[in-house]
$ cat start_17.cif   # mmCIF, C-alpha atoms
data_my_file
loop_
_atom_site.label_atom_id
_atom_site.label_comp_id
_atom_site.auth_asym_id
_atom_site.auth_seq_id
_atom_site.Cartn_x
_atom_site.Cartn_y
_atom_site.Cartn_z
CA MET A 20 101.34 65.27 127.69
CA ILE A 21 104.08 63.43 125.78
CA LYS A 22 102.75 64.72 122.44
CA LYS A 23 102.73 68.30 123.77
CA SER A 24 106.32 67.87 124.97
CA PHE A 25 107.48 66.70 121.55
CA THR A 26 105.72 69.69 119.94
CA LEU A 27 107.39 72.04 122.42
CA ILE A 28 110.83 70.51 121.74
CA PHE A 29 110.28 70.86 117.98
CA MET A 30 109.24 74.50 118.45
CA LEU A 31 112.36 75.22 120.52
CA ILE A 32 114.57 73.68 117.82
CA CYS A 33 112.80 75.85 115.24
CA LEU A 34 113.27 78.97 117.36
CA SER A 35 116.98 78.35 117.85
CA GLY A 36 117.42 77.58 114.15
CA TYR A 37 115.93 80.75 112.73
CA ALA A 38 117.86 83.26 114.87
CA GLN A 39 120.44 83.90 112.15
CA LYS A 40 117.70 84.65 109.59
CA ILE A 41 116.37 87.71 111.46
CA ILE A 42 117.04 91.10 109.87
CA LYS A 43 116.54 94.22 111.98
CA LYS A 44 115.68 97.48 110.26
CA THR A 45 114.71 100.99 111.23
CA ILE A 46 112.17 102.84 109.10
CA ILE A 47 112.13 106.62 109.21
CA SER A 48 108.39 107.09 108.99
CA ASP A 49 106.59 109.94 107.26
CA TYR A 50 103.41 108.93 109.08
CA ALA A 51 104.33 107.77 112.57
CA ASP A 52 106.44 110.90 113.27
CA ASP A 53 109.47 108.95 114.40
CA LYS A 54 111.82 106.07 113.69
CA ARG A 55 110.23 102.66 113.96
CA ASP A 56 112.02 99.35 114.39
CA ILE A 57 110.96 96.20 112.58
CA LYS A 58 112.25 92.62 112.48
CA ILE A 59 112.14 90.50 109.34
CA TYR A 60 112.27 86.71 109.29
CA LEU A 61 113.32 85.13 106.00
CA PRO A 62 112.49 81.41 105.72
CA GLU A 63 115.11 78.74 105.25
CA GLY A 64 116.15 78.49 101.61
CA TYR A 65 115.13 82.05 100.78
CA ASP A 66 117.15 83.33 97.83
CA SER A 67 116.46 86.76 96.37
CA GLU A 68 117.85 85.58 93.02
CA GLU A 69 115.27 82.80 92.66
CA GLU A 70 111.83 83.34 91.18
CA LYS A 71 110.10 81.89 94.23
CA ASN A 72 107.71 84.05 96.21
CA TYR A 73 106.53 83.77 99.80
CA PRO A 74 103.39 84.91 101.63
CA LEU A 75 103.93 87.88 103.93
CA ALA A 76 102.77 88.04 107.55
CA VAL A 77 102.75 91.43 109.30
CA VAL A 78 102.84 90.89 113.06
CA LEU A 79 101.90 93.77 115.36
CA ASP A 80 103.06 93.70 118.98
CA SER A 81 106.26 92.05 117.78
CA GLU A 82 107.72 91.71 121.26
CA LEU A 83 104.75 89.51 122.22
CA LEU A 84 103.81 87.68 119.02
CA PHE A 85 106.78 87.58 116.63
CA ASP A 86 108.68 84.58 118.03
CA ALA A 87 105.50 82.56 118.53
CA TYR A 88 104.27 83.29 115.02
CA VAL A 89 107.61 82.51 113.37
CA GLY A 90 108.02 79.30 115.38
CA ASN A 91 104.59 78.12 114.30
CA SER A 92 105.18 79.13 110.68
CA VAL A 93 108.36 77.02 110.64
CA LEU A 94 106.54 74.05 112.18
CA PHE A 95 103.59 74.26 109.78
CA ALA A 96 105.92 74.54 106.77
CA ALA A 97 108.00 71.58 107.96
CA LYS A 98 104.82 69.49 108.20
CA ASP A 99 103.65 70.67 104.75
CA LYS A 100 100.58 72.29 106.31
CA ALA A 101 101.44 75.83 105.18
CA PRO A 102 103.89 77.51 102.83
CA LYS A 103 107.06 79.07 104.14
CA GLN A 104 106.41 82.71 105.03
CA ILE A 105 108.26 85.99 105.27
CA VAL A 106 107.35 87.45 108.66
CA VAL A 107 107.80 91.10 109.64
CA GLY A 108 107.32 92.16 113.24
CA ILE A 109 106.65 95.73 114.31
CA GLU A 110 108.07 96.74 117.68
CA MET A 111 105.40 98.45 119.80
CA ALA A 112 106.49 97.99 123.41
CA LYS A 113 107.03 101.73 123.94
CA THR A 114 104.31 102.97 121.60
CA ARG A 115 101.38 100.56 121.99
CA LYS A 116 99.13 103.08 123.72
CA LYS A 117 99.88 105.77 121.14
CA ASP A 118 99.56 103.33 118.24
CA THR A 119 96.42 101.41 119.14
CA TYR A 120 94.45 102.84 122.11
CA PHE A 121 91.30 104.00 120.33
CA ASN A 122 88.64 106.55 121.35
CA THR A 123 86.46 104.56 123.75
CA THR A 124 83.60 107.07 123.47
CA THR A 125 83.17 106.72 119.71
CA GLY A 126 85.18 103.62 118.79
CA GLU A 127 87.05 105.69 116.20
CA LEU A 128 90.80 105.61 115.73
CA THR A 129 92.69 108.53 117.22
CA THR A 130 94.94 110.72 115.10
CA ASP A 131 97.97 108.74 116.29
CA ASN A 132 96.18 105.45 115.55
CA LYS A 133 95.52 106.62 111.99
CA LYS A 134 99.17 107.58 111.55
CA PHE A 135 100.29 104.16 112.72
CA TYR A 136 97.73 102.52 110.43
CA GLN A 137 99.18 104.43 107.46
CA PHE A 138 102.69 103.49 108.57
CA VAL A 139 101.79 99.79 108.46
CA LYS A 140 99.86 100.06 105.21
CA ASP A 141 102.06 102.39 103.16
CA GLU A 142 105.54 101.99 104.63
CA VAL A 143 106.02 98.58 106.26
CA ILE A 144 104.23 96.55 103.59
CA PHE A 145 105.79 98.68 100.85
CA GLU A 146 109.27 98.18 102.35
CA ILE A 147 108.92 94.38 102.37
CA GLU A 148 107.24 94.05 98.98
CA SER A 149 109.87 96.31 97.40
CA ASN A 150 112.85 94.41 98.74
CA TYR A 151 111.81 90.77 99.13
CA ASN A 152 110.12 88.09 97.04
CA THR A 153 106.56 88.20 98.33
CA SER A 154 103.46 86.51 96.95
CA PRO A 155 100.10 88.34 96.80
CA PHE A 156 98.92 86.72 100.06
CA ILE A 157 99.29 88.98 103.11
CA SER A 158 98.31 88.22 106.70
CA ILE A 159 98.13 90.78 109.49
CA VAL A 160 98.17 89.66 113.12
CA GLY A 161 97.38 91.58 116.28
CA GLN A 162 96.30 91.03 119.88
CA GLY A 163 94.33 93.17 122.31
CA THR A 164 93.93 96.71 121.00
CA SER A 165 96.21 95.96 118.04
CA ALA A 166 93.65 93.30 117.03
CA ASN A 167 91.07 96.08 116.99
CA LEU A 168 93.35 98.02 114.63
CA VAL A 169 93.60 94.92 112.41
CA SER A 170 89.81 94.98 111.98
CA PHE A 171 90.01 98.43 110.36
CA PHE A 172 91.92 96.96 107.41
CA LEU A 173 88.67 95.20 106.43
CA GLY A 174 87.36 98.61 105.44
CA GLU A 175 89.86 99.19 102.63
CA LYS A 176 87.98 99.81 99.36
CA ILE A 177 90.44 97.59 97.51
CA PRO A 178 91.34 94.78 99.94
CA LEU A 179 95.03 94.85 100.77
CA ILE A 180 95.07 91.97 103.25
CA ASN A 181 94.01 88.34 102.75
CA SER A 182 94.10 87.14 106.34
CA TYR A 183 92.99 89.21 109.35
CA ILE A 184 94.00 87.46 112.58
CA CYS A 185 92.55 89.02 115.76
CA ILE A 186 93.94 87.30 118.85
CA ASN A 187 92.45 87.98 122.30
CA PRO A 188 90.86 91.07 120.75
CA LEU A 189 89.96 94.17 122.72
CA PHE A 190 87.38 95.61 120.35
CA SER A 191 85.51 98.84 120.81
CA ASP A 192 81.84 98.70 121.81
CA PHE A 193 81.08 99.81 118.26
CA ILE A 194 82.76 96.93 116.44
CA GLY A 195 79.46 95.56 115.14
CA GLN A 196 78.46 98.85 113.51
CA GLN A 197 82.01 99.29 112.24
CA LEU A 198 82.03 95.93 110.44
CA GLN A 199 78.54 96.54 109.12
CA SER A 200 79.69 99.83 107.60
CA TYR A 201 82.35 97.95 105.62
CA ASN A 202 79.68 96.06 103.64
CA LEU A 203 81.53 92.77 104.01
CA PRO A 204 79.40 91.00 101.34
CA ARG A 205 81.31 93.08 98.77
CA TYR A 206 84.18 90.61 99.26
CA GLU A 207 82.17 88.17 97.14
CA LYS A 208 82.99 90.30 94.10
CA GLU A 209 86.74 89.98 94.69
CA ASP A 210 88.63 87.35 92.72
CA ASN A 211 90.60 86.32 95.78
CA THR A 212 90.35 84.48 99.10
CA PHE A 213 90.06 86.15 102.52
CA TYR A 214 90.01 85.02 106.15
CA LEU A 215 88.89 86.70 109.36
CA TYR A 216 89.95 84.91 112.57
CA ILE A 217 88.59 86.01 115.96
CA ASN A 218 89.01 84.06 119.17
CA ASN A 219 87.01 84.14 122.34
CA SER A 220 88.39 82.53 125.50
CA THR A 221 87.18 81.28 128.85
CA SER A 222 90.06 83.27 130.35
CA PHE A 223 88.26 86.54 129.52
CA SER A 224 85.87 88.33 131.83
CA VAL A 225 82.22 87.35 131.52
CA ASP A 226 81.45 90.73 129.97
CA LYS A 227 84.18 90.37 127.34
CA GLN A 228 83.18 86.79 126.53
CA THR A 229 79.59 87.97 126.03
CA LYS A 230 80.59 90.84 123.71
CA ILE A 231 82.86 88.68 121.55
CA GLY A 232 80.27 85.89 121.53
CA GLU A 233 77.62 88.29 120.24
CA LEU A 234 80.00 89.53 117.54
CA GLN A 235 80.87 85.98 116.51
CA GLY A 236 77.17 85.13 116.39
CA GLY A 237 76.51 88.03 114.04
CA LEU A 238 79.45 87.10 111.81
CA LYS A 239 78.38 83.46 111.74
CA SER A 240 75.10 84.45 110.12
CA LEU A 241 76.97 85.94 107.17
CA GLU A 242 77.53 83.67 104.20
CA ILE A 243 80.14 85.40 102.07
CA LYS A 244 81.68 83.24 99.36
CA ASN A 245 85.24 84.59 99.43
CA LEU A 246 85.42 85.69 103.07
CA ASN A 247 85.97 82.79 105.46
CA ILE A 248 84.81 83.73 108.96
CA ILE A 249 86.69 81.72 111.61
CA ASN A 250 85.07 81.99 115.04
CA ASP A 251 87.13 80.25 117.69
CA THR A 252 86.75 79.71 121.43
CA ILE A 253 89.78 78.65 123.45
CA ASN A 254 89.16 76.89 126.74
CA THR A 255 91.95 77.96 129.06
CA PRO A 256 92.23 79.83 132.38
CA SER A 257 95.14 81.89 131.02
CA SER A 258 94.95 84.68 128.44
CA ILE A 259 98.66 84.11 127.70
CA SER A 260 97.92 80.47 126.92
CA ALA A 261 95.07 81.64 124.68
CA ILE A 262 97.57 83.65 122.63
CA SER A 263 99.90 80.66 122.21
CA GLU A 264 96.98 78.44 121.19
CA ALA A 265 95.31 80.97 118.89
CA ILE A 266 98.27 81.34 116.53
CA PRO A 267 98.48 77.68 115.36
CA ARG A 268 94.70 77.40 115.33
CA ALA A 269 94.49 80.43 113.05
CA LEU A 270 97.28 79.16 110.79
CA ASN A 271 95.58 75.78 110.50
CA GLN A 272 92.43 77.42 109.15
CA VAL A 273 94.01 80.16 107.03
CA PHE A 274 96.32 77.79 105.16
CA GLN A 275 93.89 74.87 104.91
CA VAL A 276 93.76 75.18 101.11
CA TYR A 277 97.54 74.64 101.01
CA SER A 278 97.40 71.32 102.84
CA ALA A 279 96.99 67.97 101.16
CA ILE A 280 93.37 66.86 100.73
CA SER A 281 92.02 65.76 104.09
CA LYS A 282 89.11 63.36 104.66
CA GLU A 283 87.01 66.36 105.64
CA GLU A 284 87.85 68.21 102.41
CA PHE A 285 87.22 65.08 100.34
CA ASP A 286 83.85 64.37 101.95
CA LYS A 287 82.73 68.00 101.73
CA ASN A 288 84.00 69.03 98.30
CA ILE A 289 85.02 66.04 96.20
CA LYS A 290 83.34 62.70 96.83
CA ASP A 291 80.17 63.48 94.87
CA LEU A 292 81.95 65.06 91.88
CA SER A 293 82.13 63.54 88.43
CA PRO A 294 85.59 62.38 87.31
CA SER A 295 86.11 65.45 85.10
CA ASP A 296 85.00 67.78 87.91
CA ALA A 297 87.29 65.98 90.40
CA ILE A 298 90.24 66.51 88.05
CA ALA A 299 89.26 70.17 87.62
CA TYR A 300 88.99 70.57 91.41
CA LEU A 301 92.50 69.19 91.85
CA GLU A 302 93.95 71.42 89.14
CA ASN A 303 92.21 74.51 90.53
CA LYS A 304 93.38 73.72 94.07
CA TYR A 305 97.01 73.81 92.96
CA LEU A 306 96.53 76.83 90.70
CA GLU A 307 95.17 78.67 93.76
CA ILE A 308 98.12 77.51 95.89
CA ASP A 309 100.53 78.76 93.24
CA PHE A 310 98.72 82.12 92.85
CA LEU A 311 98.17 82.87 96.53
CA PHE A 312 101.33 81.51 98.08
CA GLY A 313 103.89 81.46 95.27
CA SER A 314 104.31 77.71 95.82
CA ASN A 315 104.48 75.67 92.62
CA LEU A 316 104.03 72.23 94.18
CA GLY A 317 102.91 70.33 91.11
CA ILE A 318 100.28 68.01 92.60
CA ARG A 319 101.03 65.88 95.65
CA GLU A 320 100.90 62.14 95.01
CA SER A 321 98.62 61.76 98.03
CA ASP A 322 96.09 64.08 96.35
CA ILE A 323 96.31 62.08 93.12
CA PHE A 324 95.49 58.94 95.09
CA ALA A 325 92.68 60.81 96.90
CA ILE A 326 90.63 61.14 93.70
CA GLU A 327 91.84 57.93 92.03
CA LYS A 328 88.77 55.91 93.00
CA ILE A 329 86.42 58.50 91.47
CA ILE A 330 88.36 58.46 88.18
CA MET A 331 88.47 54.66 88.01
CA GLU A 332 84.97 53.76 89.12
CA LYS A 333 82.73 56.49 87.69
CA GLU A 334 81.76 56.89 84.02
CA ASN A 335 83.40 53.57 83.10
CA GLY A 336 86.84 55.05 83.69
CA ASP A 337 86.54 57.32 80.65
CA GLN A 338 88.54 60.07 82.37
CA LEU A 339 91.54 57.84 83.06
CA LEU A 340 93.22 58.97 79.83
CA PRO A 341 93.18 62.76 80.52
CA PHE A 342 94.01 62.02 84.16
CA GLY A 343 97.07 60.01 83.15
CA LYS A 344 98.16 62.64 80.63
CA MET A 345 97.87 65.36 83.28
CA ILE A 346 100.09 63.37 85.64
CA LEU A 347 102.61 62.61 82.89
CA LYS A 348 102.89 66.33 82.22
CA LEU A 349 103.51 67.03 85.89
CA TYR A 350 105.69 64.01 86.65
CA PRO A 351 107.17 62.63 83.42
CA SER A 352 109.58 60.36 85.29
CA SER A 353 106.84 58.80 87.44
CA PRO A 354 105.12 55.54 86.42
CA LEU A 355 101.76 56.83 87.68
CA GLY A 356 100.71 58.60 84.48
CA ASP A 357 101.49 55.56 82.34
CA TYR A 358 99.67 53.34 84.82
CA TYR A 359 96.42 55.33 84.51
CA ILE A 360 96.71 55.49 80.72
CA GLY A 361 97.30 51.74 80.68
CA LYS A 362 94.18 51.25 82.83
CA PHE A 363 92.19 53.36 80.36
CA TYR A 364 93.27 51.26 77.37
CA GLU A 365 92.72 48.05 79.30
CA SER A 366 89.17 49.07 80.25
CA SER A 367 88.43 49.93 76.61
CA LYS A 368 89.81 46.54 75.45
CA GLN A 369 92.80 48.06 73.63
CA ILE A 370 95.12 45.48 75.15
CA SER A 371 98.24 46.10 73.03
CA LYS A 372 98.20 49.82 73.90
CA ALA A 373 97.63 49.00 77.57
CA ILE A 374 100.67 46.68 77.59
CA VAL A 375 102.82 49.36 75.94
CA HIS A 376 102.01 51.91 78.64
CA TYR A 377 102.37 49.42 81.47
CA LYS A 378 105.82 48.57 80.09
CA ILE A 379 106.78 52.24 79.83
CA GLY A 380 105.68 52.78 83.42
CA TYR A 381 107.53 49.69 84.64
CA GLY A 382 110.67 50.87 82.86
CA LYS A 383 110.65 54.03 84.99
CA MET A 384 110.69 52.05 88.23
CA ASP A 385 113.66 51.00 90.31
CA PRO A 386 113.79 47.19 90.38
CA ALA A 387 114.37 47.47 94.13
CA ASP A 388 111.05 49.27 94.54
CA PRO A 389 108.74 46.88 96.45
CA ASN A 390 105.90 47.96 94.12
CA ALA A 391 107.82 47.07 90.94
CA ASP A 392 106.78 43.39 90.94
CA ARG A 393 103.13 44.32 91.47
CA PHE A 394 103.33 46.81 88.63
CA TYR A 395 104.81 44.15 86.32
CA GLU A 396 101.88 41.86 87.11
CA ASN A 397 99.72 44.18 84.97
CA ILE A 398 101.86 43.29 81.95
CA LEU A 399 101.77 39.55 82.67
CA ARG A 400 98.03 39.63 83.34
CA LEU A 401 97.40 40.92 79.82
CA GLY A 402 99.70 38.36 78.20
CA GLY A 403 102.71 40.62 77.79
CA ARG A 404 106.29 39.85 78.74
#

$ encode --input "start_17.cif" --output "structure tokens"
Amino acid sequence: MIKKSFTLIFMLICLSGYAQKIIKKTIISDYADDKRDIKIYLPEGYDSEEEKNYPLAVVLDSELLFDAYVGNSVLFAAKDKAPKQIVVGIEMAKTRKKDTYFNTTTGELTTDNKKFYQFVKDEVIFEIESNYNTSPFISIVGQGTSANLVSFFLGEKIPLINSYICINPLFSDFIGQQLQSYNLPRYEKEDNTFYLYINNSTSFSVDKQTKIGELQGGLKSLEIKNLNIINDTINTPSSISAISEAIPRALNQVFQVYSAISKEEFDKNIKDLSPSDAIAYLENKYLEIDFLFGSNLGIRESDIFAIEKIIMEKENGDQLLPFGKMILKLYPSSPLGDYYIGKFYESSKQISKAIVHYKIGYGKMDPADPNADRFYENILRLGGR
């Protein structure tokens, strides 16, 4: 209970802090036959003059989801679990039925649904990408019938969206055939990463739980390399609570690649790799972060330490030299690169070279650093001064 209270307080601080970063715009639509209002959240530190890009999240049902999504995006970014995002919310309070209520007889979108779909695809996304620094990664979020509309974006011949988040979805009875018609395995051929999040909930009627459960079961059987299927079930008596829980649960999965290496990721993907493959994995992880999210993080020190044991203990430490050089290139002022190079020369009995690099590394350290004395012990141990 105390932990939940602290999270709630943090969220409230985030919500009060971002109010001044909201931009309201009206788009005169060629598709939706009227003026449509949107809200745009720009993350803290956003500067149009800088060459830094941000993932874009398009949030349908803005009056219901926008604040919750933005609050969670701020929290995840503050905890280094996701990149900062540009969030655009589309107001639908007066037009939800027209925009998203599909033909229940056929499951097809109505003429008005198709117009709204084109509005989102060709006008909203175009407006944001034309005027703000966005990365290639786009999420689209909907709930209820707007979640059903989100699922139609999976059918685009050239995928436009990376992350499809369907919260408390009200799908048509034909959703299975619809997804099958999209030939989802074709996503394997795309040089990109995609996510489909769908939640079930104990707050739904038995009939709805059964239908979503059957859909999730069918999706679970698919093994598509670049399309990550995220089936979720939220245990709560309230559908409103399910919405508030689904957003952070979806973000946690969608931006998992951005996070520092967890024990689960290490055990699943890294622990059995050779040293050279572990280094390549680390480099590729951060190349993907940079490409998808526009976040040039370098490499977190915690992730360097995560693969350190593999580099040191496998193959007689032969990969310590390229590992150290990689770190020196990323962090020239850090002693870490020199430390690993020193370890390489020490293990290969090139003591004078090892001492030189240990001294260089020690020279980069603050004498007040509690690790400085331990670092200097490497020099003394090899007979240096």

$ atom_distance --input "start_17.cif" --atom1 "CA of Asn187 (chain A)" --atom2 "CA of Ala166 (chain A)"
7.6 Å

$ residues_around --input "start_17.cif" --residues "Phe138 (chain A)" --least-positions-apart "2" --cutoff "8 Å" --atoms "all atoms listed in the file" --output "ChimeraX atom specification"
/A:48-51,134-136,140-143

$ atom_distance --input "start_17.cif" --atom1 "CA of Ile109 (chain A)" --atom2 "CA of Ile42 (chain A)"
12.2 Å

$ resolve_selection --input "start_17.cif" --expression "the PyMOL selection byres ((chain A and resi 111) around 10)" --output "list of chain:residue names"
A:Arg55, A:Asp56, A:Ile57, A:Leu79, A:Asp80, A:Ser81, A:Glu82, A:Leu83, A:Gly108, A:Ile109, A:Glu110, A:Ala112, A:Lys113, A:Thr114, A:Arg115, A:Lys116, A:Lys117, A:Asp118, A:Thr119, A:Ser165

$ resolve_selection --input "start_17.cif" --expression "the PyMOL selection byres ((chain A and resi 347-363) around 9)" --output "MDAnalysis selection string"
chainID A and resid 317:318 331 336:346 364:370 372:384 394

$ resolve_selection --input "start_17.cif" --expression "the PyMOL selection byres ((chain A and resi 153) around 7)" --output "PyMOL selection string"
chain A and resi 72-75+148+151-152+154-155

$ atom_distance --input "start_17.cif" --atom1 "CA of Ala76 (chain A)" --atom2 "CA of Thr123 (chain A)"
28.3 Å

$ residues_around --input "start_17.cif" --residues "Lys304 (chain A)" --least-positions-apart "3" --cutoff "10 Å" --atoms "all atoms listed in the file" --output "PDB file with C-alpha atoms, in the coordinates of the input"
ATOM      1  CA  VAL A 276      93.760  75.180 101.110  1.00  0.00           C
ATOM      2  CA  TYR A 277      97.540  74.640 101.010  1.00  0.00           C
ATOM      3  CA  SER A 278      97.400  71.320 102.840  1.00  0.00           C
ATOM      4  CA  ALA A 279      96.990  67.970 101.160  1.00  0.00           C
ATOM      5  CA  ILE A 280      93.370  66.860 100.730  1.00  0.00           C
ATOM      6  CA  ILE A 298      90.240  66.510  88.050  1.00  0.00           C
ATOM      7  CA  ALA A 299      89.260  70.170  87.620  1.00  0.00           C
ATOM      8  CA  TYR A 300      88.990  70.570  91.410  1.00  0.00           C
ATOM      9  CA  LEU A 301      92.500  69.190  91.850  1.00  0.00           C
ATOM     10  CA  GLU A 307      95.170  78.670  93.760  1.00  0.00           C
ATOM     11  CA  ILE A 308      98.120  77.510  95.890  1.00  0.00           C
ATOM     12  CA  ASP A 309     100.530  78.760  93.240  1.00  0.00           C
ATOM     13  CA  ILE A 318     100.280  68.010  92.600  1.00  0.00           C
TER      14      ILE A 318
END

$ decode --input "start_17.cif" --residues "region 384-392 of chain A" --atoms "all heavy atoms" --output "mmCIF file, in the first residue's frame"
data_model
loop_
_atom_site.group_PDB
_atom_site.id
_atom_site.type_symbol
_atom_site.label_atom_id
_atom_site.label_comp_id
_atom_site.auth_asym_id
_atom_site.auth_seq_id
_atom_site.Cartn_x
_atom_site.Cartn_y
_atom_site.Cartn_z
ATOM 1 N N MET A 384 41.076 9.097 -12.263
ATOM 2 C CA MET A 384 40.186 8.990 -11.117
ATOM 3 C C MET A 384 40.390 10.132 -10.131
ATOM 4 O O MET A 384 41.493 10.656 -9.977
ATOM 5 C CB MET A 384 40.396 7.653 -10.399
ATOM 6 C CG MET A 384 40.152 6.438 -11.284
ATOM 7 S SD MET A 384 40.297 4.869 -10.398
ATOM 8 C CE MET A 384 38.747 4.843 -9.506
ATOM 9 N N ASP A 385 39.316 10.498 -9.469
ATOM 10 C CA ASP A 385 39.375 11.476 -8.399
ATOM 11 C C ASP A 385 39.961 10.785 -7.170
ATOM 12 O O ASP A 385 39.475 9.718 -6.765
ATOM 13 C CB ASP A 385 37.952 11.976 -8.100
ATOM 14 C CG ASP A 385 37.912 13.072 -7.056
ATOM 15 O OD1 ASP A 385 38.877 13.187 -6.264
ATOM 16 O OD2 ASP A 385 36.918 13.817 -7.018
ATOM 17 N N PRO A 386 41.002 11.355 -6.573
ATOM 18 C CA PRO A 386 41.595 10.728 -5.382
ATOM 19 C C PRO A 386 40.577 10.477 -4.276
ATOM 20 O O PRO A 386 40.779 9.576 -3.434
ATOM 21 C CB PRO A 386 42.655 11.739 -4.937
ATOM 22 C CG PRO A 386 43.009 12.490 -6.191
ATOM 23 C CD PRO A 386 41.727 12.584 -6.967
ATOM 24 N N ALA A 387 39.492 11.258 -4.277
ATOM 25 C CA ALA A 387 38.471 11.078 -3.240
ATOM 26 C C ALA A 387 37.540 9.905 -3.541
ATOM 27 O O ALA A 387 36.751 9.496 -2.692
ATOM 28 C CB ALA A 387 37.643 12.369 -3.095
ATOM 29 N N ASP A 388 37.647 9.374 -4.748
ATOM 30 C CA ASP A 388 36.812 8.236 -5.140
ATOM 31 C C ASP A 388 37.175 7.041 -4.260
ATOM 32 O O ASP A 388 38.353 6.651 -4.182
ATOM 33 C CB ASP A 388 37.060 7.895 -6.614
ATOM 34 C CG ASP A 388 36.108 6.831 -7.145
ATOM 35 O OD1 ASP A 388 35.692 5.952 -6.361
ATOM 36 O OD2 ASP A 388 35.791 6.873 -8.347
ATOM 37 N N PRO A 389 36.206 6.444 -3.578
ATOM 38 C CA PRO A 389 36.521 5.305 -2.688
ATOM 39 C C PRO A 389 37.129 4.114 -3.434
ATOM 40 O O PRO A 389 37.760 3.245 -2.816
ATOM 41 C CB PRO A 389 35.156 4.936 -2.084
ATOM 42 C CG PRO A 389 34.143 5.561 -2.999
ATOM 43 C CD PRO A 389 34.781 6.782 -3.552
ATOM 44 N N ASN A 390 36.943 4.060 -4.774
ATOM 45 C CA ASN A 390 37.518 2.963 -5.544
ATOM 46 C C ASN A 390 38.944 3.239 -6.020
ATOM 47 O O ASN A 390 39.600 2.355 -6.584
ATOM 48 C CB ASN A 390 36.638 2.665 -6.777
ATOM 49 C CG ASN A 390 35.275 2.114 -6.384
ATOM 50 O OD1 ASN A 390 35.180 1.227 -5.539
ATOM 51 N ND2 ASN A 390 34.231 2.655 -6.995
ATOM 52 N N ALA A 391 39.431 4.477 -5.799
ATOM 53 C CA ALA A 391 40.747 4.858 -6.314
ATOM 54 C C ALA A 391 41.861 4.004 -5.691
ATOM 55 O O ALA A 391 42.768 3.545 -6.397
ATOM 56 C CB ALA A 391 41.002 6.337 -6.061
ATOM 57 N N ASP A 392 41.802 3.806 -4.372
ATOM 58 C CA ASP A 392 42.852 3.015 -3.710
ATOM 59 C C ASP A 392 42.857 1.581 -4.216
ATOM 60 O O ASP A 392 43.922 0.980 -4.432
ATOM 61 C CB ASP A 392 42.653 3.034 -2.193
ATOM 62 C CG ASP A 392 43.001 4.387 -1.588
ATOM 63 O OD1 ASP A 392 43.704 5.166 -2.264
ATOM 64 O OD2 ASP A 392 42.569 4.661 -0.460
#
